[in-house]
$ cat model-v8.tsv   # TSV, C-alpha atoms and all ligand atoms
chain	number	residue	atom	x	y	z
U	12	MET	CA	7.30	12.72	-21.35
U	13	THR	CA	4.59	15.39	-21.36
U	14	ALA	CA	4.46	17.97	-18.59
U	15	SER	CA	1.99	17.20	-15.87
U	16	ARG	CA	-0.21	19.75	-14.12
U	17	TRP	CA	1.38	18.53	-10.90
U	18	ASP	CA	4.79	19.86	-12.02
U	19	ASP	CA	3.59	23.38	-11.18
U	20	ASP	CA	2.50	22.61	-7.62
U	21	PRO	CA	5.08	24.17	-5.28
U	22	ASP	CA	4.28	21.63	-2.55
U	23	LEU	CA	5.32	18.75	-4.76
U	24	GLY	CA	8.98	17.87	-5.19
U	25	PRO	CA	10.83	15.44	-7.41
U	26	ILE	CA	9.25	12.30	-8.81
U	27	VAL	CA	10.37	9.26	-6.83
U	28	VAL	CA	8.66	6.64	-9.00
U	29	ALA	CA	7.47	7.62	-12.47
U	30	GLU	CA	4.23	6.38	-14.02
U	31	GLU	CA	5.84	4.03	-16.52
U	32	VAL	CA	8.11	2.57	-13.85
U	33	LEU	CA	5.08	1.95	-11.64
U	34	ARG	CA	3.27	0.31	-14.52
U	35	ALA	CA	6.13	-2.05	-15.30
U	36	ARG	CA	6.69	-3.06	-11.67
U	37	VAL	CA	2.99	-3.66	-11.02
U	38	ALA	CA	2.85	-5.85	-14.14
U	39	ALA	CA	5.87	-7.85	-12.88
U	40	LEU	CA	4.33	-8.27	-9.43
U	41	GLY	CA	1.14	-9.45	-11.11
U	42	GLU	CA	3.06	-12.11	-13.02
U	43	GLU	CA	4.86	-13.25	-9.88
U	44	LEU	CA	1.60	-13.47	-7.92
U	45	THR	CA	-0.12	-15.29	-10.79
U	46	ALA	CA	2.60	-17.96	-10.65
U	47	ASP	CA	2.74	-18.18	-6.84
U	48	TYR	CA	-1.02	-18.42	-6.32
U	49	GLU	CA	-1.88	-20.48	-9.38
U	50	ASP	CA	-3.49	-23.35	-7.48
U	51	ARG	CA	-5.00	-21.26	-4.65
U	52	PRO	CA	-6.48	-17.97	-5.86
U	53	PRO	CA	-6.03	-15.37	-3.13
U	54	LEU	CA	-8.32	-13.00	-1.36
U	55	LEU	CA	-6.80	-9.55	-1.85
U	56	VAL	CA	-7.24	-7.39	1.21
U	57	GLY	CA	-6.67	-3.73	0.36
U	58	VAL	CA	-5.84	-1.35	3.14
U	59	LEU	CA	-7.76	1.87	2.51
U	60	LYS	CA	-7.48	4.49	1.55
U	61	GLY	CA	-3.88	4.57	0.41
U	62	ALA	CA	-3.85	1.22	-1.37
U	63	PHE	CA	-6.87	1.84	-3.61
U	64	VAL	CA	-4.93	2.77	-6.75
U	65	PHE	CA	-2.28	0.06	-6.32
U	66	MET	CA	-4.94	-2.55	-5.53
U	67	SER	CA	-6.91	-1.62	-8.63
U	68	ASP	CA	-3.89	-1.94	-10.93
U	69	LEU	CA	-2.41	-4.99	-9.18
U	70	SER	CA	-5.67	-6.95	-9.19
U	71	ARG	CA	-5.92	-6.51	-12.97
U	72	ALA	CA	-2.33	-7.68	-13.40
U	73	ILE	CA	-3.09	-11.00	-11.66
U	74	ARG	CA	-4.47	-13.55	-14.09
U	75	LEU	CA	-6.42	-15.59	-11.54
U	76	PRO	CA	-9.99	-15.46	-10.19
U	77	VAL	CA	-9.08	-13.35	-7.16
U	78	GLU	CA	-11.59	-12.03	-4.65
U	79	ILE	CA	-11.31	-8.55	-3.24
U	80	ASP	CA	-12.14	-7.03	0.11
U	81	VAL	CA	-11.05	-3.83	1.80
U	82	MET	CA	-10.48	-2.59	5.28
U	83	ALA	CA	-9.67	0.82	6.62
U	84	VAL	CA	-7.37	1.56	9.48
U	85	ALA	CA	-6.56	4.78	11.23
U	86	SER	CA	-3.24	5.29	12.87
U	87	TYR	CA	-2.94	7.86	15.58
U	88	GLY	CA	0.09	10.06	15.21
U	89	SER	CA	1.39	13.40	14.07
U	90	GLY	CA	0.85	14.58	10.50
U	91	THR	CA	3.44	12.38	8.83
U	92	THR	CA	4.43	9.67	11.30
U	93	SER	CA	2.42	6.81	12.71
U	94	SER	CA	2.34	5.94	16.38
U	95	GLY	CA	1.61	2.24	16.02
U	96	VAL	CA	-1.70	2.63	17.77
U	97	VAL	CA	-4.03	1.46	15.06
U	98	ARG	CA	-7.80	1.32	14.98
U	99	ILE	CA	-9.85	-0.65	12.45
U	100	VAL	CA	-12.26	1.90	11.01
U	101	LYS	CA	-13.86	-0.42	8.48
U	102	ASP	CA	-13.53	-4.16	8.88
U	103	LEU	CA	-13.64	-6.85	6.20
U	104	ASP	CA	-16.90	-8.40	5.02
U	105	THR	CA	-15.18	-11.72	4.29
U	106	ASP	CA	-14.50	-14.54	6.75
U	107	LEU	CA	-10.77	-15.25	6.50
U	108	THR	CA	-10.88	-18.78	7.91
U	109	GLY	CA	-8.99	-21.10	5.57
U	110	ARG	CA	-8.44	-18.37	2.96
U	111	HIS	CA	-5.20	-17.47	1.21
U	112	VAL	CA	-4.97	-13.82	2.13
U	113	LEU	CA	-2.76	-11.30	0.39
U	114	VAL	CA	-2.70	-7.94	2.14
U	115	VAL	CA	-2.16	-5.08	-0.30
U	116	GLU	CA	-0.49	-2.12	1.41
U	117	ASP	CA	0.53	1.26	0.06
U	118	ILE	CA	3.62	2.02	2.11
U	119	VAL	CA	5.52	0.60	5.06
U	120	ASP	CA	7.41	3.12	7.15
U	121	SER	CA	7.96	2.12	10.80
U	122	GLY	CA	6.13	-1.15	10.13
U	123	LEU	CA	3.91	-0.60	13.17
U	124	THR	CA	0.66	-0.44	11.20
U	125	LEU	CA	1.48	-3.63	9.33
U	126	SER	CA	2.61	-5.47	12.41
U	127	TYR	CA	-0.70	-4.66	14.11
U	128	LEU	CA	-2.68	-5.65	11.02
U	129	ARG	CA	-0.85	-8.92	10.60
U	130	ARG	CA	-1.55	-9.94	14.20
U	131	SER	CA	-5.17	-8.99	13.89
U	132	LEU	CA	-5.67	-10.89	10.61
U	133	LEU	CA	-3.71	-13.98	11.69
U	134	ALA	CA	-6.05	-14.35	14.66
U	135	ARG	CA	-8.81	-15.06	12.10
U	136	GLU	CA	-7.02	-18.26	11.02
U	137	PRO	CA	-6.39	-17.81	7.30
U	138	ALA	CA	-4.71	-20.71	5.48
U	139	SER	CA	-1.90	-18.29	4.56
U	140	LEU	CA	-1.17	-14.61	4.94
U	141	GLU	CA	1.32	-12.64	2.88
U	142	VAL	CA	1.84	-8.94	2.34
U	143	CYS	CA	2.40	-7.07	-0.89
U	144	ALA	CA	3.56	-3.51	-0.21
U	145	LEU	CA	4.07	-1.06	-3.03
U	146	LEU	CA	6.65	1.00	-1.15
U	147	VAL	CA	8.97	0.30	1.74
U	148	LYS	CA	11.02	3.05	3.31
U	149	GLU	CA	14.59	1.91	3.74
U	150	SER	CA	15.97	1.41	7.25
U	151	ARG	CA	12.97	2.86	9.03
U	152	GLN	CA	11.27	-0.27	10.37
U	153	ARG	CA	10.82	-0.33	14.10
U	154	ALA	CA	8.64	-3.44	14.13
U	155	PRO	CA	9.61	-6.71	12.42
U	156	VAL	CA	7.96	-6.82	9.01
U	157	ASP	CA	7.70	-9.94	6.94
U	158	LEU	CA	7.16	-8.65	3.43
U	159	ARG	CA	6.91	-11.30	0.75
U	160	TYR	CA	6.29	-8.85	-2.11
U	161	VAL	CA	7.69	-5.33	-2.40
U	162	GLY	CA	7.29	-2.88	-5.26
U	163	PHE	CA	10.05	-0.39	-4.46
U	164	ARG	CA	12.40	0.43	-1.63
U	165	ILE	CA	12.59	4.20	-1.32
U	166	PRO	CA	14.38	6.72	0.94
U	167	GLY	CA	12.66	8.13	4.01
U	168	ASP	CA	11.09	11.28	2.50
U	169	PHE	CA	7.34	11.75	2.86
U	170	VAL	CA	5.75	10.93	-0.49
U	171	VAL	CA	2.34	11.39	-2.12
U	172	GLY	CA	0.55	10.18	-5.22
U	173	TYR	CA	-0.72	6.87	-6.63
U	174	GLY	CA	-3.17	6.64	-3.72
U	175	LEU	CA	-1.00	8.29	-1.06
U	176	ASP	CA	-2.21	11.55	0.41
U	177	VAL	CA	-1.43	14.41	2.65
U	178	ALA	CA	-4.61	15.57	4.39
U	179	GLU	CA	-6.63	13.72	1.69
U	180	ARG	CA	-4.99	15.54	-1.21
U	181	TYR	CA	-2.79	14.23	-4.00
U	182	ARG	CA	-4.16	10.66	-4.06
U	183	ASN	CA	-4.89	11.11	-7.78
U	184	VAL	CA	-1.37	12.15	-8.75
U	185	PRO	CA	-0.40	9.42	-11.23
U	186	ASP	CA	3.23	9.07	-10.08
U	187	ILE	CA	4.90	9.13	-6.67
U	188	ARG	CA	6.46	12.42	-5.60
U	189	ILE	CA	8.16	13.91	-2.59
U	190	TYR	CA	5.86	16.18	-0.60
U	191	GLN	CA	7.67	19.32	0.38
U	192	GLY	CA	4.83	21.49	1.66
U	193	ALA	CA	3.87	22.30	5.23
U	194	VAL	CA	3.08	19.33	7.41
U	195	PRO	CA	-0.58	19.41	8.45
U	196	VAL	CA	-1.44	18.78	12.10
U	197	ASP	CA	-3.94	15.95	12.77
G	201	LIG	P1	3.94	2.81	9.55
G	201	LIG	O1	2.97	2.28	10.58
G	201	LIG	O2	4.63	1.72	8.77
G	201	LIG	O3	4.93	3.77	10.17
G	201	LIG	O4	3.14	3.73	8.57
G	201	LIG	C1	2.31	3.21	7.62
G	201	LIG	C2	1.25	4.18	7.23
G	201	LIG	O5	1.67	5.54	7.40
G	201	LIG	C3	0.95	4.02	5.75
G	201	LIG	O6	-0.06	3.05	5.52
G	201	LIG	C4	0.56	5.42	5.36
G	201	LIG	O7	-0.81	5.61	5.62
G	201	LIG	C5	1.36	6.31	6.27
G	201	LIG	N1	2.62	6.74	5.63
G	201	LIG	C6	3.89	6.39	5.96
G	201	LIG	N2	4.80	7.00	5.18
G	201	LIG	C7	4.09	7.76	4.32
G	201	LIG	C8	4.47	8.65	3.24
G	201	LIG	O8	5.62	8.87	2.89
G	201	LIG	N3	3.44	9.25	2.58
G	201	LIG	C9	2.12	9.06	2.91
G	201	LIG	N4	1.22	9.71	2.19
G	201	LIG	N5	1.74	8.24	3.91
G	201	LIG	C10	2.71	7.60	4.60

$ encode --input "model-v8.tsv" --output "structure tokens" --more "lines below"
Ligand code: 5GP
Amino acid sequence: MTASRWDDDPDLGPIVVAEEVLRARVAALGEELTADYEDRPPLLVGVLKGAFVFMSDLSRAIRLPVEIDVMAVASYGSGTTSSGVVRIVKDLDTDLTGRHVLVVEDIVDSGLTLSYLRRSLLAREPASLEVCALLVKESRQRAPVDLRYVGFRIPGDFVVGYGLDVAERYRNVPDIRIYQGAVPVD
């Protein structure tokens, strides 16, 4: 493996999920989704901004005529924890009625964001609603989460990269790393 410029950043700690491991898992999820949704191509709903890299790779790993929409949510909370009070900052353009919706999430920590999102999207009467989360933090869920597809279960450390940020930085790091810098205040 070649050294990455990110190796020299003192705020970045060990790699939690390496690029090639991400690539292989996303390909496997794509195969699984291709089989599961064969007769009912899904509408992928990406949750911005964190899911943009995962959504881009996952959508290309699904060999079906998927449609794509995005929404953005903001969660009120301190720098690295969410409060569960979620606001839709950008809503979907697509009517979900009767659609097979697959929500593409970056990371589930307490589960509060997802639980809010699920309720809000179910109220729009999709034919089905499942969630594909790239990362789930082990033993941290405070709200019930029904996750049909999970990329990786990881420990509770705050991580960045592959779409995940801290104060809008590090989204373009190609692997997932522990963030060990100062915690910014919202
Ligand atoms: P939850 O509501 O499940 O506690 O938090 C979910 C949201 O918090 C994620 O969509 C993400 O925006 C943020 N989040 C939770 N854990 C992390 C983390 O380790 N790194 C980053 N960058 N964001 C996180």

$ residues_near_ligand --input "model-v8.tsv" --ligand "ligand LIG 201 (chain G)" --cutoff "9 Å" --atoms "all atoms listed in the file" --output "VMD selection string"
chain U and resid 58 to 62 84 to 86 91 to 97 116 to 127 146 to 148 151 to 154 167 to 172 174 to 179 181 to 182 189 to 190

$ closest_residue --input "model-v8.tsv" --among "U:Asp50, U:Glu136, U:Asp18, U:Asp68" --to "U:Ala38" --atoms "all atoms listed in the file"
U:Asp68

$ axis_aligned_box --input "model-v8.tsv" --around "stretch 42-57 of chain U" --padding-each-side "4 Å" --output "JSON"
{"center_x": -1.7, "center_y": -13.5, "center_z": -5.9, "size_x": 21.2, "size_y": 27.6, "size_z": 22.2}

$ atom_distance --input "model-v8.tsv" --atom1 "atom CA of U:Leu113" --atom2 "atom CA of U:Ala35"
20.3 Å

$ atom_distance --input "model-v8.tsv" --atom1 "atom CA of U:Glu42" --atom2 "atom CA of U:Ala83"
26.7 Å

$ residues_around --input "model-v8.tsv" --residues "U:Ser15" --least-positions-apart "6" --cutoff "12 Å" --atoms "only C-alpha atoms" --output "PyMOL selection string"
chain U and resi 23+26+29-30+184-186

$ closest_residue --input "model-v8.tsv" --among "U:Ala14, U:Leu145, U:Val28, U:Ile99" --to "U:Leu132" --atoms "all atoms listed in the file"
U:Ile99

$ residues_around --input "model-v8.tsv" --residues "U:Asp22" --least-positions-apart "3" --cutoff "8 Å" --atoms "only C-alpha atoms" --output "list in words"
Tyr190, Gln191, Gly192 and Ala193 of chain U

$ residues_around --input "model-v8.tsv" --residues "U:Glu78" --least-positions-apart "4" --cutoff "7 Å" --atoms "only C-alpha atoms" --output "ChimeraX atom specification"
/U:53-55

$ atom_distance --input "model-v8.tsv" --atom1 "atom CA of U:Trp17" --atom2 "atom CA of U:Arg34"
18.7 Å

$ residues_near_point --input "model-v8.tsv" --point "(-16.8, -8.7, 9.5)" --cutoff "12 Å" --atoms "all atoms listed in the file" --output "NGL selection string"
:U and (80-82 or 99-108 or 132 or 135)

$ residues_near_point --input "model-v8.tsv" --point "(-3.4, -10.7, 1.9)" --cutoff "6 Å" --atoms "all atoms listed in the file" --output "PyMOL selection string"
chain U and resi 55-56+112-114+140-142

$ closest_residue --input "model-v8.tsv" --among "U:Gly57, U:Asp157, U:Arg98, U:Ser70" --to "U:Ser131" --atoms "only C-alpha atoms"
U:Arg98

$ residues_around --input "model-v8.tsv" --residues "U:Glu43" --least-positions-apart "4" --cutoff "12 Å" --atoms "all atoms listed in the file" --output "JSON, numbers by chain"
{"U": [36, 37, 38, 39, 47, 48, 49, 69, 72, 73, 74, 75, 143, 159, 160, 161, 162]}

$ write_last_selection --input "model-v8.tsv" --atoms "C-alpha atoms" --output "PDB file, in the frame of the given file"
ATOM      1  CA  ARG U  36       6.690  -3.060 -11.670  1.00  0.00           C
ATOM      2  CA  VAL U  37       2.990  -3.660 -11.020  1.00  0.00           C
ATOM      3  CA  ALA U  38       2.850  -5.850 -14.140  1.00  0.00           C
ATOM      4  CA  ALA U  39       5.870  -7.850 -12.880  1.00  0.00           C
ATOM      5  CA  ASP U  47       2.740 -18.180  -6.840  1.00  0.00           C
ATOM      6  CA  TYR U  48      -1.020 -18.420  -6.320  1.00  0.00           C
ATOM      7  CA  GLU U  49      -1.880 -20.480  -9.380  1.00  0.00           C
ATOM      8  CA  LEU U  69      -2.410  -4.990  -9.180  1.00  0.00           C
ATOM      9  CA  ALA U  72      -2.330  -7.680 -13.400  1.00  0.00           C
ATOM     10  CA  ILE U  73      -3.090 -11.000 -11.660  1.00  0.00           C
ATOM     11  CA  ARG U  74      -4.470 -13.550 -14.090  1.00  0.00           C
ATOM     12  CA  LEU U  75      -6.420 -15.590 -11.540  1.00  0.00           C
ATOM     13  CA  CYS U 143       2.400  -7.070  -0.890  1.00  0.00           C
ATOM     14  CA  ARG U 159       6.910 -11.300   0.750  1.00  0.00           C
ATOM     15  CA  TYR U 160       6.290  -8.850  -2.110  1.00  0.00           C
ATOM     16  CA  VAL U 161       7.690  -5.330  -2.400  1.00  0.00           C
ATOM     17  CA  GLY U 162       7.290  -2.880  -5.260  1.00  0.00           C
TER      18      GLY U 162
END
